[in-house]
file entry37.csv (CSV, C-alpha atoms)
chain,number,residue,atom,x,y,z
X,1,MET,CA,-64.3,-46.7,-38.2
X,2,ILE,CA,-63.8,-43.2,-39.7
X,3,LYS,CA,-63.4,-42.8,-43.4
X,4,GLY,CA,-62.6,-39.7,-45.4
X,5,MET,CA,-60.0,-37.6,-47.2
X,6,GLY,CA,-57.6,-35.3,-45.4
X,7,TRP,CA,-55.7,-35.6,-42.1
X,8,CYS,CA,-56.6,-37.7,-39.1
X,9,VAL,CA,-55.2,-36.5,-35.8
X,10,ILE,CA,-55.1,-39.3,-33.2
X,11,ARG,CA,-55.0,-38.2,-29.6
X,12,GLN,CA,-54.1,-40.8,-27.0
X,13,THR,CA,-56.2,-39.9,-24.0
X,14,LEU,CA,-54.1,-41.7,-21.3
X,15,ILE,CA,-50.6,-40.3,-21.9
X,16,GLY,CA,-51.5,-37.1,-23.8
X,17,THR,CA,-49.3,-37.7,-26.9
X,18,SER,CA,-50.6,-37.0,-30.4
X,19,LEU,CA,-49.8,-38.3,-33.8
X,20,SER,CA,-50.7,-37.3,-37.3
X,21,LEU,CA,-51.5,-39.9,-39.9
X,22,ARG,CA,-52.5,-39.8,-43.5
X,23,SER,CA,-56.2,-40.2,-44.1
X,24,GLY,CA,-57.6,-43.7,-44.7
X,25,TRP,CA,-59.4,-46.5,-42.9
X,26,LYS,CA,-58.2,-46.4,-39.3
X,27,LYS,CA,-59.4,-48.7,-36.6
X,28,CYS,CA,-59.6,-46.8,-33.3
X,29,HIS,CA,-59.3,-48.8,-30.1
X,30,LYS,CA,-59.2,-46.9,-26.8
X,31,ILE,CA,-58.3,-43.8,-28.6
X,32,SER,CA,-60.3,-40.9,-30.0
X,33,CYS,CA,-59.9,-39.8,-33.6
X,34,GLU,CA,-60.8,-36.4,-35.1
X,35,PHE,CA,-61.0,-35.9,-38.8
X,36,VAL,CA,-60.0,-32.6,-40.3
X,37,GLU,CA,-61.1,-31.7,-43.8
X,38,ASP,CA,-58.6,-30.6,-46.5
X,39,THR,CA,-57.3,-27.5,-44.8
X,40,GLY,CA,-53.7,-28.6,-44.2
X,41,GLN,CA,-54.0,-27.7,-40.5
X,42,LEU,CA,-53.4,-30.0,-37.5
X,43,MET,CA,-55.3,-29.8,-34.3
X,44,MET,CA,-52.5,-29.7,-31.7
X,45,ALA,CA,-52.8,-30.5,-28.0
X,46,PRO,CA,-52.0,-27.6,-25.7
X,47,PHE,CA,-48.7,-29.2,-24.5
X,48,ARG,CA,-47.3,-29.2,-28.0
X,49,ALA,CA,-47.7,-25.4,-28.1
X,50,ALA,CA,-45.8,-25.1,-24.9
X,51,LEU,CA,-43.0,-27.3,-26.3
X,52,LEU,CA,-42.8,-25.1,-29.4
X,53,ALA,CA,-42.6,-21.9,-27.3
X,54,ALA,CA,-39.8,-23.5,-25.3
X,55,ALA,CA,-37.9,-24.5,-28.4
X,56,LEU,CA,-38.1,-20.9,-29.7
X,57,LEU,CA,-36.9,-19.5,-26.5
X,58,PHE,CA,-33.7,-21.7,-26.4
X,59,ALA,CA,-33.0,-20.7,-30.0
X,60,LEU,CA,-32.5,-17.0,-29.1
X,61,PRO,CA,-29.2,-15.5,-30.4
X,62,GLY,CA,-26.3,-15.4,-28.0
X,63,SER,CA,-27.5,-18.3,-25.9
X,64,SER,CA,-26.1,-21.8,-25.9
X,65,SER,CA,-27.3,-23.4,-22.7
X,66,SER,CA,-29.1,-20.6,-20.9
X,67,PRO,CA,-32.1,-18.7,-22.3
X,68,PHE,CA,-31.0,-15.5,-20.3
X,69,CYS,CA,-27.4,-15.0,-21.5
X,70,PRO,CA,-26.5,-11.3,-21.6
X,71,GLU,CA,-25.3,-9.9,-24.9
X,72,SER,CA,-21.6,-10.2,-25.7
X,73,CYS,CA,-21.2,-12.9,-23.0
X,74,SER,CA,-21.0,-16.7,-23.3
X,75,CYS,CA,-23.0,-19.1,-21.2
X,76,GLN,CA,-21.6,-22.5,-22.3
X,77,THR,CA,-22.5,-23.9,-18.9
X,78,ALA,CA,-25.4,-23.2,-16.6
X,79,SER,CA,-23.1,-22.1,-13.8
X,80,LEU,CA,-20.6,-19.8,-15.5
X,81,LEU,CA,-21.3,-16.4,-17.0
X,82,ASN,CA,-18.2,-15.7,-19.2
X,83,CYS,CA,-18.0,-12.0,-20.2
X,84,SER,CA,-14.2,-11.9,-20.4
X,85,LEU,CA,-12.6,-10.0,-23.3
X,86,SER,CA,-16.0,-8.6,-24.4
X,87,GLY,CA,-15.1,-4.9,-24.5
X,88,LEU,CA,-17.5,-4.1,-21.7
X,89,THR,CA,-17.6,-0.6,-20.1
X,90,SER,CA,-20.2,-1.6,-17.5
X,91,VAL,CA,-21.5,-4.8,-15.9
X,92,PRO,CA,-24.7,-6.1,-17.6
X,93,GLN,CA,-27.7,-5.5,-15.5
X,94,LEU,CA,-30.5,-7.9,-14.7
X,95,ILE,CA,-28.2,-10.9,-14.6
X,96,PRO,CA,-30.1,-14.1,-13.5
X,97,GLY,CA,-29.3,-15.3,-10.0
X,98,SER,CA,-28.6,-18.8,-11.2
X,99,PHE,CA,-25.0,-18.2,-12.0
X,100,SER,CA,-22.4,-19.3,-9.4
X,101,GLU,CA,-19.4,-18.0,-11.4
X,102,MET,CA,-18.9,-14.7,-13.3
X,103,ASP,CA,-15.9,-13.6,-15.3
X,104,PHE,CA,-15.6,-10.0,-16.2
X,105,SER,CA,-11.9,-9.9,-16.6
X,106,HIS,CA,-10.0,-8.1,-19.4
X,107,ASN,CA,-12.6,-5.4,-20.1
X,108,TYR,CA,-12.9,-1.6,-19.6
X,109,LEU,CA,-14.8,-1.6,-16.3
X,110,SER,CA,-14.2,1.4,-14.0
X,111,SER,CA,-16.8,0.4,-11.5
X,112,VAL,CA,-18.9,-2.6,-10.6
X,113,LYS,CA,-22.4,-1.8,-9.2
X,114,PRO,CA,-24.9,-4.7,-9.5
X,115,ARG,CA,-28.6,-3.7,-9.2
X,116,GLN,CA,-29.6,-6.8,-7.3
X,117,PRO,CA,-28.0,-9.3,-4.8
X,118,HIS,CA,-26.5,-12.5,-6.2
X,119,GLN,CA,-27.2,-15.1,-3.5
X,120,ASN,CA,-25.6,-18.0,-5.4
X,121,LEU,CA,-22.4,-16.3,-6.6
X,122,ARG,CA,-19.3,-18.2,-5.5
X,123,LYS,CA,-16.5,-16.9,-7.8
X,124,LEU,CA,-16.0,-13.5,-9.4
X,125,TRP,CA,-13.2,-12.4,-11.7
X,126,LEU,CA,-12.6,-8.7,-12.3
X,127,GLY,CA,-8.9,-8.7,-13.2
X,128,ASN,CA,-7.4,-6.4,-15.9
X,129,ASN,CA,-9.9,-3.6,-15.7
X,130,THR,CA,-9.6,0.0,-14.4
X,131,VAL,CA,-11.6,-0.3,-11.2
X,132,SER,CA,-10.4,2.3,-8.7
X,133,HIS,CA,-13.0,1.6,-6.0
X,134,LEU,CA,-15.0,-1.5,-5.3
X,135,SER,CA,-17.9,-1.9,-2.9
X,136,LEU,CA,-19.4,-5.2,-2.1
X,137,CYS,CA,-22.4,-3.5,-0.4
X,138,VAL,CA,-25.8,-3.4,-1.9
X,139,GLU,CA,-26.6,0.1,-2.9
X,140,ARG,CA,-29.0,2.2,-0.9
X,141,HIS,CA,-31.6,2.5,-3.6
X,142,VAL,CA,-32.1,-1.3,-3.7
X,143,LYS,CA,-35.2,-2.3,-1.8
X,144,SER,CA,-33.5,-4.9,0.3
X,145,TRP,CA,-30.7,-2.5,1.4
X,146,HIS,CA,-29.9,-2.0,5.1
X,147,ARG,CA,-26.8,-1.1,7.1
X,148,PHE,CA,-25.8,-3.1,10.2
X,149,ARG,CA,-25.2,-1.6,13.6
X,150,ASN,CA,-21.4,-2.4,13.5
X,151,GLY,CA,-20.9,-0.3,10.5
X,152,GLY,CA,-21.1,-3.2,8.1
X,153,CYS,CA,-23.5,-3.5,5.2
X,154,GLN,CA,-25.5,-6.1,3.3
X,155,GLY,CA,-23.3,-7.7,0.7
X,156,TRP,CA,-24.5,-8.2,-2.9
X,157,ALA,CA,-22.6,-11.5,-3.0
X,158,PRO,CA,-23.0,-12.9,0.6
X,159,THR,CA,-21.8,-16.4,-0.3
X,160,LEU,CA,-18.8,-15.4,-2.4
X,161,GLN,CA,-15.7,-17.6,-1.9
X,162,MET,CA,-13.2,-16.3,-4.4
X,163,LEU,CA,-12.7,-12.6,-5.5
X,164,SER,CA,-10.0,-11.6,-8.0
X,165,VAL,CA,-9.5,-7.9,-8.7
X,166,GLU,CA,-5.9,-8.1,-9.8
X,167,ARG,CA,-4.3,-5.5,-12.2
X,168,ASN,CA,-6.7,-2.7,-11.5
X,169,GLN,CA,-6.4,0.8,-10.0
X,170,LEU,CA,-7.6,0.0,-6.4
X,171,GLU,CA,-6.1,2.4,-3.8
X,172,ARG,CA,-7.7,0.5,-0.8
X,173,LEU,CA,-9.3,-2.8,0.0
X,174,PRO,CA,-12.8,-3.4,-1.3
X,175,GLU,CA,-15.5,-1.9,0.9
X,176,GLY,CA,-17.9,-4.3,2.6
X,177,LEU,CA,-15.6,-7.3,3.1
X,178,GLY,CA,-17.5,-8.0,6.3
X,179,GLY,CA,-20.6,-8.8,4.2
X,180,VAL,CA,-18.9,-11.8,2.6
X,181,PRO,CA,-17.7,-13.9,5.6
X,182,SER,CA,-17.5,-17.0,3.4
X,183,LEU,CA,-14.6,-15.6,1.3
X,184,ARG,CA,-11.7,-18.0,1.0
X,185,VAL,CA,-9.4,-16.5,-1.7
X,186,LEU,CA,-8.8,-12.7,-2.2
X,187,ARG,CA,-6.6,-11.6,-5.0
X,188,LEU,CA,-5.7,-7.9,-5.1
X,189,SER,CA,-2.2,-7.9,-6.6
X,190,PHE,CA,-0.9,-5.3,-9.0
X,191,ASN,CA,-3.0,-2.4,-7.7
X,192,LYS,CA,-2.2,0.9,-5.8
X,193,ILE,CA,-3.2,-0.1,-2.3
X,194,SER,CA,-1.0,1.7,0.2
X,195,VAL,CA,-2.8,1.3,3.5
X,196,LEU,CA,-4.7,-1.6,5.3
X,197,LYS,CA,-6.9,-0.2,8.0
X,198,PRO,CA,-7.3,-2.1,11.3
X,199,GLY,CA,-10.6,-4.1,11.3
X,200,GLU,CA,-11.0,-4.3,7.5
X,201,LEU,CA,-10.2,-8.0,7.4
X,202,SER,CA,-11.4,-9.0,10.9
X,203,ASP,CA,-14.6,-10.7,9.7
X,204,LEU,CA,-12.9,-12.9,7.1
X,205,ARG,CA,-12.4,-15.9,9.4
X,206,GLN,CA,-12.6,-18.4,6.5
X,207,LEU,CA,-10.0,-16.6,4.4
X,208,GLU,CA,-7.2,-19.0,3.2
X,209,GLU,CA,-5.3,-16.9,0.7
X,210,LEU,CA,-4.6,-13.2,0.6
X,211,HIS,CA,-2.6,-11.9,-2.4
X,212,LEU,CA,-1.3,-8.3,-2.1
X,213,HIS,CA,1.9,-8.4,-4.0
X,214,HIS,CA,3.0,-5.5,-6.2
X,215,ASN,CA,1.1,-2.8,-4.3
X,216,LEU,CA,2.3,0.3,-2.5
X,217,ILE,CA,1.9,-0.8,1.1
X,218,THR,CA,4.2,1.1,3.4
X,219,HIS,CA,3.3,-0.2,6.8
X,220,LEU,CA,1.1,-2.7,8.5
X,221,HIS,CA,-0.7,-2.7,11.9
X,222,PRO,CA,0.8,-5.4,14.1
X,223,GLN,CA,-2.7,-7.1,14.6
X,224,ILE,CA,-4.1,-6.6,11.1
X,225,PHE,CA,-4.0,-10.3,10.3
X,226,GLN,CA,-4.6,-11.8,13.7
X,227,ASP,CA,-8.3,-12.7,13.1
X,228,LEU,CA,-7.6,-14.6,9.9
X,229,ILE,CA,-7.4,-18.0,11.7
X,230,GLN,CA,-7.6,-20.1,8.4
X,231,LEU,CA,-5.0,-18.1,6.5
X,232,ARG,CA,-2.5,-20.3,4.7
X,233,VAL,CA,-1.0,-17.9,2.1
X,234,LEU,CA,-0.1,-14.2,2.6
X,235,ASP,CA,1.7,-12.7,-0.3
X,236,LEU,CA,3.2,-9.2,0.4
X,237,ARG,CA,6.0,-9.3,-2.1
X,238,PHE,CA,7.1,-6.1,-3.9
X,239,ASN,CA,5.6,-3.5,-1.7
X,240,LEU,CA,7.2,-0.6,0.1
X,241,LEU,CA,7.5,-2.2,3.6
X,242,THR,CA,10.6,-1.1,5.6
X,243,ILE,CA,9.8,-2.6,9.0
X,244,LEU,CA,7.5,-5.3,10.6
X,245,HIS,CA,6.4,-5.5,14.2
X,246,PRO,CA,7.5,-8.8,15.9
X,247,LEU,CA,3.9,-9.2,17.1
X,248,MET,CA,2.8,-9.7,13.5
X,249,TYR,CA,5.4,-12.4,13.1
X,250,LEU,CA,4.1,-14.2,16.2
X,251,ASN,CA,0.5,-14.0,15.1
X,252,LEU,CA,1.1,-15.3,11.6
X,253,ARG,CA,3.5,-18.0,12.8
X,254,ASN,CA,0.9,-19.3,15.2
X,255,ILE,CA,-1.7,-19.3,12.4
X,256,GLY,CA,0.7,-21.3,10.2
X,257,ALA,CA,0.6,-19.0,7.2
X,258,HIS,CA,3.2,-19.0,4.5
X,259,VAL,CA,4.3,-15.4,4.1
X,260,GLY,CA,6.0,-13.9,1.0
X,261,LEU,CA,8.1,-10.7,1.6
X,262,ASP,CA,10.6,-10.5,-1.2
X,263,GLY,CA,11.1,-7.3,-3.0
X,264,ASN,CA,10.3,-4.9,-0.2
X,265,ARG,CA,12.5,-2.1,1.1
X,266,TRP,CA,13.6,-3.5,4.5
X,267,LYS,CA,15.7,-1.1,6.5
X,268,CYS,CA,18.0,-3.2,8.6
X,269,ASP,CA,18.6,-1.1,11.7
X,270,CYS,CA,18.0,-1.5,15.4
X,271,ASN,CA,14.2,-1.6,14.8
X,272,LEU,CA,14.5,-5.1,13.3
X,273,ARG,CA,16.5,-6.6,16.2
X,274,SER,CA,13.5,-8.0,17.9
X,275,LEU,CA,12.1,-9.6,14.7
X,276,ARG,CA,15.5,-11.1,13.9
X,277,ARG,CA,15.8,-12.5,17.4
X,278,ARG,CA,12.5,-14.3,17.1
X,279,MET,CA,13.2,-15.6,13.6
X,280,ALA,CA,16.6,-16.9,14.6
X,281,TYR,CA,15.0,-18.8,17.5
X,282,ASP,CA,12.5,-20.5,15.1
X,283,ASP,CA,15.2,-21.2,12.5
X,284,ALA,CA,17.3,-23.0,15.1
X,285,ARG,CA,14.3,-25.2,15.8
X,286,GLY,CA,13.9,-26.1,12.1
X,287,LEU,CA,10.8,-24.0,11.6
X,288,GLU,CA,10.1,-22.1,8.4
X,289,VAL,CA,11.0,-18.4,8.8
X,290,TRP,CA,10.5,-15.4,6.6
X,291,ASN,CA,12.9,-14.3,3.9
X,292,VAL,CA,13.8,-10.7,4.7
X,293,LYS,CA,16.7,-9.2,2.7
X,294,CYS,CA,18.0,-5.8,3.5
X,295,ALA,CA,17.5,-2.9,1.1
X,296,SER,CA,19.3,-0.3,3.4
X,297,PRO,CA,21.7,0.9,4.6
X,298,SER,CA,23.8,0.4,1.5
X,299,LYS,CA,26.5,-1.6,3.2
X,300,LEU,CA,23.9,-4.3,4.1
X,301,SER,CA,21.9,-4.2,0.9
X,302,GLY,CA,21.0,-7.7,-0.4
X,303,THR,CA,22.0,-9.4,2.9
X,304,ASP,CA,19.5,-11.8,4.5
X,305,LEU,CA,18.4,-10.6,8.0
X,306,LEU,CA,19.3,-13.9,9.6
X,307,GLN,CA,22.9,-13.7,8.3
X,308,LEU,CA,23.4,-10.5,10.3
X,309,LYS,CA,24.5,-10.3,13.9
X,310,GLU,CA,22.6,-8.1,16.3
X,311,GLU,CA,25.4,-5.6,16.6
X,312,ASP,CA,25.1,-5.1,12.8
X,313,LEU,CA,21.6,-3.6,13.2
X,314,GLN,CA,22.5,-0.1,14.3
X,315,CYS,CA,20.4,3.0,14.5
X,316,LEU,CA,22.8,5.9,13.9
X,317,SER,CA,22.5,9.0,16.1
X,318,PRO,CA,21.8,12.4,14.5
X,319,GLU,CA,25.4,13.5,15.3
X,320,ASN,CA,27.2,10.8,13.3
X,321,SER,CA,24.6,9.7,10.7
X,322,PRO,CA,26.0,10.0,7.1
X,323,ASP,CA,22.5,10.0,5.8
X,324,LEU,CA,21.4,13.2,7.4
X,325,HIS,CA,22.6,15.3,4.5
X,326,GLN,CA,21.2,14.4,1.1
X,327,ASP,CA,21.6,16.0,-2.3
X,328,VAL,CA,18.5,15.9,-4.4
X,329,THR,CA,18.5,17.0,-8.1
X,330,VAL,CA,15.2,18.3,-9.4
X,331,TYR,CA,14.0,19.8,-12.7
X,332,SER,CA,12.7,23.3,-13.1
X,333,GLY,CA,8.9,23.4,-13.0
X,334,SER,CA,8.5,20.0,-11.3
X,335,GLN,CA,7.4,19.1,-7.8
X,336,ILE,CA,8.9,17.1,-4.9
X,337,LEU,CA,7.6,15.7,-1.6
X,338,LEU,CA,10.2,15.6,1.1
X,339,SER,CA,9.4,13.2,4.0
X,340,CYS,CA,10.7,12.2,7.4
X,341,SER,CA,9.9,9.3,9.6
X,342,ALA,CA,9.9,11.3,12.9
X,343,GLU,CA,6.4,11.9,14.3
X,344,ASP,CA,7.1,14.9,16.5
X,345,SER,CA,9.0,17.2,14.2
X,346,VAL,CA,8.7,20.3,12.1
X,347,TRP,CA,10.1,21.8,8.9
X,348,TRP,CA,12.2,24.9,8.9
X,349,THR,CA,12.5,26.5,5.5
X,350,PRO,CA,14.7,29.6,5.7
X,351,ASP,CA,14.4,32.1,2.9
X,352,VAL,CA,12.3,29.7,0.7
X,353,PRO,CA,9.2,31.4,-0.8
X,354,ALA,CA,5.9,29.7,-1.8
X,355,PRO,CA,4.7,27.5,-3.2
X,356,VAL,CA,5.6,25.3,-0.2
X,357,LYS,CA,3.1,23.5,2.0
X,358,HIS,CA,3.0,20.7,4.5
X,359,SER,CA,1.4,17.4,3.4
X,360,ASP,CA,0.9,14.4,5.8
X,361,GLY,CA,4.1,15.2,7.7
X,362,GLY,CA,6.1,15.9,4.5
X,363,LEU,CA,7.1,19.1,2.8
X,364,LEU,CA,5.5,19.5,-0.7
X,365,ILE,CA,7.3,21.9,-3.1
X,366,THR,CA,5.6,22.5,-6.4
X,367,ASP,CA,6.6,24.5,-9.5
X,368,ILE,CA,10.3,24.4,-8.5
X,369,SER,CA,12.4,27.3,-9.6
X,370,GLU,CA,15.8,28.8,-8.7
X,371,THR,CA,14.3,30.6,-5.7
X,372,ASN,CA,13.7,27.1,-4.1
X,373,THR,CA,17.4,26.2,-4.3
X,374,GLY,CA,18.9,26.0,-0.8
X,375,LEU,CA,18.8,24.1,2.4
X,376,GLN,CA,15.7,22.6,3.8
X,377,TYR,CA,15.8,21.7,7.5
X,378,ARG,CA,13.9,18.9,9.1
X,379,VAL,CA,14.1,19.5,12.9
X,380,ASP,CA,13.4,16.3,14.9
X,381,LEU,CA,12.0,17.5,18.3
X,382,THR,CA,12.1,13.9,19.7
X,383,GLU,CA,15.7,13.2,19.1
X,384,LYS,CA,16.8,16.8,19.4
X,385,GLY,CA,18.7,16.6,16.1
X,386,GLU,CA,18.5,18.1,12.7
X,387,SER,CA,18.6,16.6,9.2
X,388,HIS,CA,19.6,18.6,6.2
X,389,LEU,CA,18.6,18.3,2.6
X,390,GLU,CA,20.2,20.4,-0.2
X,391,MET,CA,18.2,21.0,-3.4
X,392,LYS,CA,19.9,21.6,-6.7
X,393,MET,CA,17.9,22.8,-9.6
X,394,THR,CA,18.7,21.8,-13.2

call {"tool": "encode", "arguments": {"input": "entry37.csv", "output": "C-alpha cells"}}
result
Amino acid sequence: MIKGMGWCVIRQTLIGTSLSLRSGWKKCHKISCEFVEDTGQLMMAPFRAALLAAALLFALPGSSSSPFCPESCSCQTASLLNCSLSGLTSVPQLIPGSFSEMDFSHNYLSSVKPRQPHQNLRKLWLGNNTVSHLSLCVERHVKSWHRFRNGGCQGWAPTLQMLSVERNQLERLPEGLGGVPSLRVLRLSFNKISVLKPGELSDLRQLEELHLHHNLITHLHPQIFQDLIQLRVLDLRFNLLTILHPLMYLNLRNIGAHVGLDGNRWKCDCNLRSLRRRMAYDDARGLEVWNVKCASPSKLSGTDLLQLKEEDLQCLSPENSPDLHQDVTVYSGSQILLSCSAEDSVWWTPDVPAPVKHSDGGLLITDISETNTGLQYRVDLTEKGESHLEMKMT
C-alpha cells in the first residue's frame, strides 16, 4: 500500500503502458507505483515522449497525410504529390522518394531538373507549362550520374510508366527516353516538335500510346516506329505531314496500332501511289486502314485517298506544272522563307541585293523593301527544270 497526497503514476511492467490516477489508497498487484509530490508533473515513460514527437510532426502545416509535403502542394494520399495550379516557377527540391505519382501541371515551369533520382515514380504530369527542353537524364553533378556506352544516360525516373508534357513549348522529344524503358504512355501533344530523329524511340518497347497531335512534324523516317512492338495508339493528327513511306504503313499495320492522321497536309500526287495501293489491298480484306484526306492539289482537296484512282495521283512535269509560278505578297520590313522540296538544287537571284541568305535549303529574305521585288528562280538540277516565284511588295 502507498498512501499520500499528489499524483500516483502506475507503470505496468509487462506491456509498458502507463496510467495516471488521483492520489489515494491504491492496491498494487504485479505493478509498480511511484508517488510524486504536489509538483503537478507526471513521470512519463520514454515511449510516450516518442508518441508526442510523432504527433507534433504530423501536425506540421501543409501536411495532411505525409509529414514531408512540399510547400504549396497537397499530399492527400501517400502516393500522390499534387502541385497542380500552385503558381510554381520551379520544381520543389528534396522531394521524398516515396511518391509514385507527381502532378506539376498548370504552373509556370520552364524546366524540370530534379536533384535526385525518383526510383518509385510511375506517373508524371507536366502539362500546361512553358517547358522548351526536357531531359530525363540525371544531371552530371549528381553523385550517382553516369553515361552509358550506347550514348544513353541514367534516368531520374527509371520506372516511369506515364509521362504527360502536353501544351508546352517542346521543339523535340524529351532527352533520355532510353533511360525509361518501362514507359507505356507518352503524351506530347500541343507542342512545337518538328522532327523525330531515328533511334529516339527504339528503347521504348513497352510503349502502348504515343500522342503527338497538334505539333509541327513535317516528315517521318520510315522505320521510326518499328521497334515499338506494344504500340496500340499513335496520334499524329494536325501536323504538317505531306507524304508517308509505305514501309511505315506496313510496320504499324503489323504491330496493330491505331493511327490518327487527320488534319495533315497530304499532297496527293504520284508519291502516294504505293501507299494507296497497299491501303486498298487491306481495305478489300476488311482490315482497318488509315484516313488520309488530300490537302493538295486544289482539285483533290478534301478527297479521301482511297476514293482516288491511281491515274489521279499525278506528278506534274516542270514544263506543264501550273504551280511553278507563284505570286507572293509581302509587307515592307518583313521577312519570308522560300523553300523547295528538291534536294539537288540551287537558288538564282538576279539583281536582288542583300539581305538574302540560304537557310536549310531555303532562301531567307529579311527586311524586305522595294529592291527585293522581282523574280526569284529555284533551279532544280535533278529534274532540269526551273520554278519561278514573283514577289510583290505592299

call {"tool": "atom_distance", "arguments": {"input": "entry37.csv", "atom1": "atom CA of Asn264 of chain X", "atom2": "atom CA of Leu236 of chain X"}}
result
8.3 Å

call {"tool": "atom_distance", "arguments": {"input": "entry37.csv", "atom1": "atom CA of Asp203 of chain X", "atom2": "atom CA of Asp282 of chain X"}}
result
29.3 Å

call {"tool": "atom_distance", "arguments": {"input": "entry37.csv", "atom1": "atom CA of Gln230 of chain X", "atom2": "atom CA of Ala257 of chain X"}}
result
8.4 Å

call {"tool": "residues_around", "arguments": {"input": "entry37.csv", "residues": "segment 219-228 of chain X", "least_positions_apart": "5", "cutoff": "10 Å", "atoms": "only C-alpha atoms", "output": "count of residues only"}}
result
35

call {"tool": "residues_around", "arguments": {"input": "entry37.csv", "residues": "Phe99 of chain X", "least_positions_apart": "4", "cutoff": "10 Å", "atoms": "all atoms listed in the file", "output": "PyMOL selection string"}}
result
chain X and resi 75+77-81+95+118-123

call {"tool": "write_last_selection", "arguments": {"input": "entry37.csv", "atoms": "C-alpha atoms", "output": "PDB file, keeping the file's coordinate frame"}}
result
ATOM      1  CA  CYS X  75     -23.000 -19.100 -21.200  1.00  0.00           C
ATOM      2  CA  THR X  77     -22.500 -23.900 -18.900  1.00  0.00           C
ATOM      3  CA  ALA X  78     -25.400 -23.200 -16.600  1.00  0.00           C
ATOM      4  CA  SER X  79     -23.100 -22.100 -13.800  1.00  0.00           C
ATOM      5  CA  LEU X  80     -20.600 -19.800 -15.500  1.00  0.00           C
ATOM      6  CA  LEU X  81     -21.300 -16.400 -17.000  1.00  0.00           C
ATOM      7  CA  ILE X  95     -28.200 -10.900 -14.600  1.00  0.00           C
ATOM      8  CA  HIS X 118     -26.500 -12.500  -6.200  1.00  0.00           C
ATOM      9  CA  GLN X 119     -27.200 -15.100  -3.500  1.00  0.00           C
ATOM     10  CA  ASN X 120     -25.600 -18.000  -5.400  1.00  0.00           C
ATOM     11  CA  LEU X 121     -22.400 -16.300  -6.600  1.00  0.00           C
ATOM     12  CA  ARG X 122     -19.300 -18.200  -5.500  1.00  0.00           C
ATOM     13  CA  LYS X 123     -16.500 -16.900  -7.800  1.00  0.00           C
TER      14      LYS X 123
END

call {"tool": "residues_near_point", "arguments": {"input": "entry37.csv", "point": "(-3.0, -8.4, -3.3)", "cutoff": "10 Å", "atoms": "all atoms listed in the file", "output": "PyMOL selection string"}}
result
chain X and resi 164-167+173+186-193+209-215+234-237

call {"tool": "write_last_selection", "arguments": {"input": "entry37.csv", "atoms": "C-alpha atoms", "output": "compact mmCIF listing (two decimals), in the frame of the given file"}}
result
# COMPACT_ATOMS: atom_id res chain seq x y z
CA SER X 164 -10.00 -11.60 -8.00
CA VAL X 165 -9.50 -7.90 -8.70
CA GLU X 166 -5.90 -8.10 -9.80
CA ARG X 167 -4.30 -5.50 -12.20
CA LEU X 173 -9.30 -2.80 0.00
CA LEU X 186 -8.80 -12.70 -2.20
CA ARG X 187 -6.60 -11.60 -5.00
CA LEU X 188 -5.70 -7.90 -5.10
CA SER X 189 -2.20 -7.90 -6.60
CA PHE X 190 -0.90 -5.30 -9.00
CA ASN X 191 -3.00 -2.40 -7.70
CA LYS X 192 -2.20 0.90 -5.80
CA ILE X 193 -3.20 -0.10 -2.30
CA GLU X 209 -5.30 -16.90 0.70
CA LEU X 210 -4.60 -13.20 0.60
CA HIS X 211 -2.60 -11.90 -2.40
CA LEU X 212 -1.30 -8.30 -2.10
CA HIS X 213 1.90 -8.40 -4.00
CA HIS X 214 3.00 -5.50 -6.20
CA ASN X 215 1.10 -2.80 -4.30
CA LEU X 234 -0.10 -14.20 2.60
CA ASP X 235 1.70 -12.70 -0.30
CA LEU X 236 3.20 -9.20 0.40
CA ARG X 237 6.00 -9.30 -2.10

call {"tool": "residues_around", "arguments": {"input": "entry37.csv", "residues": "Lys299 of chain X", "least_positions_apart": "2", "cutoff": "12 Å", "atoms": "only C-alpha atoms", "output": "list of chain:residue names"}}
result
X:Lys267, X:Cys268, X:Asp269, X:Cys294, X:Ala295, X:Ser296, X:Pro297, X:Ser301, X:Gly302, X:Thr303, X:Leu308, X:Asp312, X:Leu313, X:Gln314

call {"tool": "write_last_selection", "arguments": {"input": "entry37.csv", "atoms": "C-alpha atoms", "output": "PDB file, keeping the file's coordinate frame"}}
result
ATOM      1  CA  LYS X 267      15.700  -1.100   6.500  1.00  0.00           C
ATOM      2  CA  CYS X 268      18.000  -3.200   8.600  1.00  0.00           C
ATOM      3  CA  ASP X 269      18.600  -1.100  11.700  1.00  0.00           C
ATOM      4  CA  CYS X 294      18.000  -5.800   3.500  1.00  0.00           C
ATOM      5  CA  ALA X 295      17.500  -2.900   1.100  1.00  0.00           C
ATOM      6  CA  SER X 296      19.300  -0.300   3.400  1.00  0.00           C
ATOM      7  CA  PRO X 297      21.700   0.900   4.600  1.00  0.00           C
ATOM      8  CA  SER X 301      21.900  -4.200   0.900  1.00  0.00           C
ATOM      9  CA  GLY X 302      21.000  -7.700  -0.400  1.00  0.00           C
ATOM     10  CA  THR X 303      22.000  -9.400   2.900  1.00  0.00           C
ATOM     11  CA  LEU X 308      23.400 -10.500  10.300  1.00  0.00           C
ATOM     12  CA  ASP X 312      25.100  -5.100  12.800  1.00  0.00           C
ATOM     13  CA  LEU X 313      21.600  -3.600  13.200  1.00  0.00           C
ATOM     14  CA  GLN X 314      22.500  -0.100  14.300  1.00  0.00           C
TER      15      GLN X 314
END

call {"tool": "residues_near_point", "arguments": {"input": "entry37.csv", "point": "(21.0, -10.7, 14.7)", "cutoff": "10 Å", "atoms": "only C-alpha atoms", "output": "ChimeraX atom specification"}}
result
/X:270,272-280,305-313

call {"tool": "write_last_selection", "arguments": {"input": "entry37.csv", "atoms": "C-alpha atoms", "output": "compact mmCIF listing (two decimals), in the frame of the given file"}}
result
# COMPACT_ATOMS: atom_id res chain seq x y z
CA CYS X 270 18.00 -1.50 15.40
CA LEU X 272 14.50 -5.10 13.30
CA ARG X 273 16.50 -6.60 16.20
CA SER X 274 13.50 -8.00 17.90
CA LEU X 275 12.10 -9.60 14.70
CA ARG X 276 15.50 -11.10 13.90
CA ARG X 277 15.80 -12.50 17.40
CA ARG X 278 12.50 -14.30 17.10
CA MET X 279 13.20 -15.60 13.60
CA ALA X 280 16.60 -16.90 14.60
CA LEU X 305 18.40 -10.60 8.00
CA LEU X 306 19.30 -13.90 9.60
CA GLN X 307 22.90 -13.70 8.30
CA LEU X 308 23.40 -10.50 10.30
CA LYS X 309 24.50 -10.30 13.90
CA GLU X 310 22.60 -8.10 16.30
CA GLU X 311 25.40 -5.60 16.60
CA ASP X 312 25.10 -5.10 12.80
CA LEU X 313 21.60 -3.60 13.20
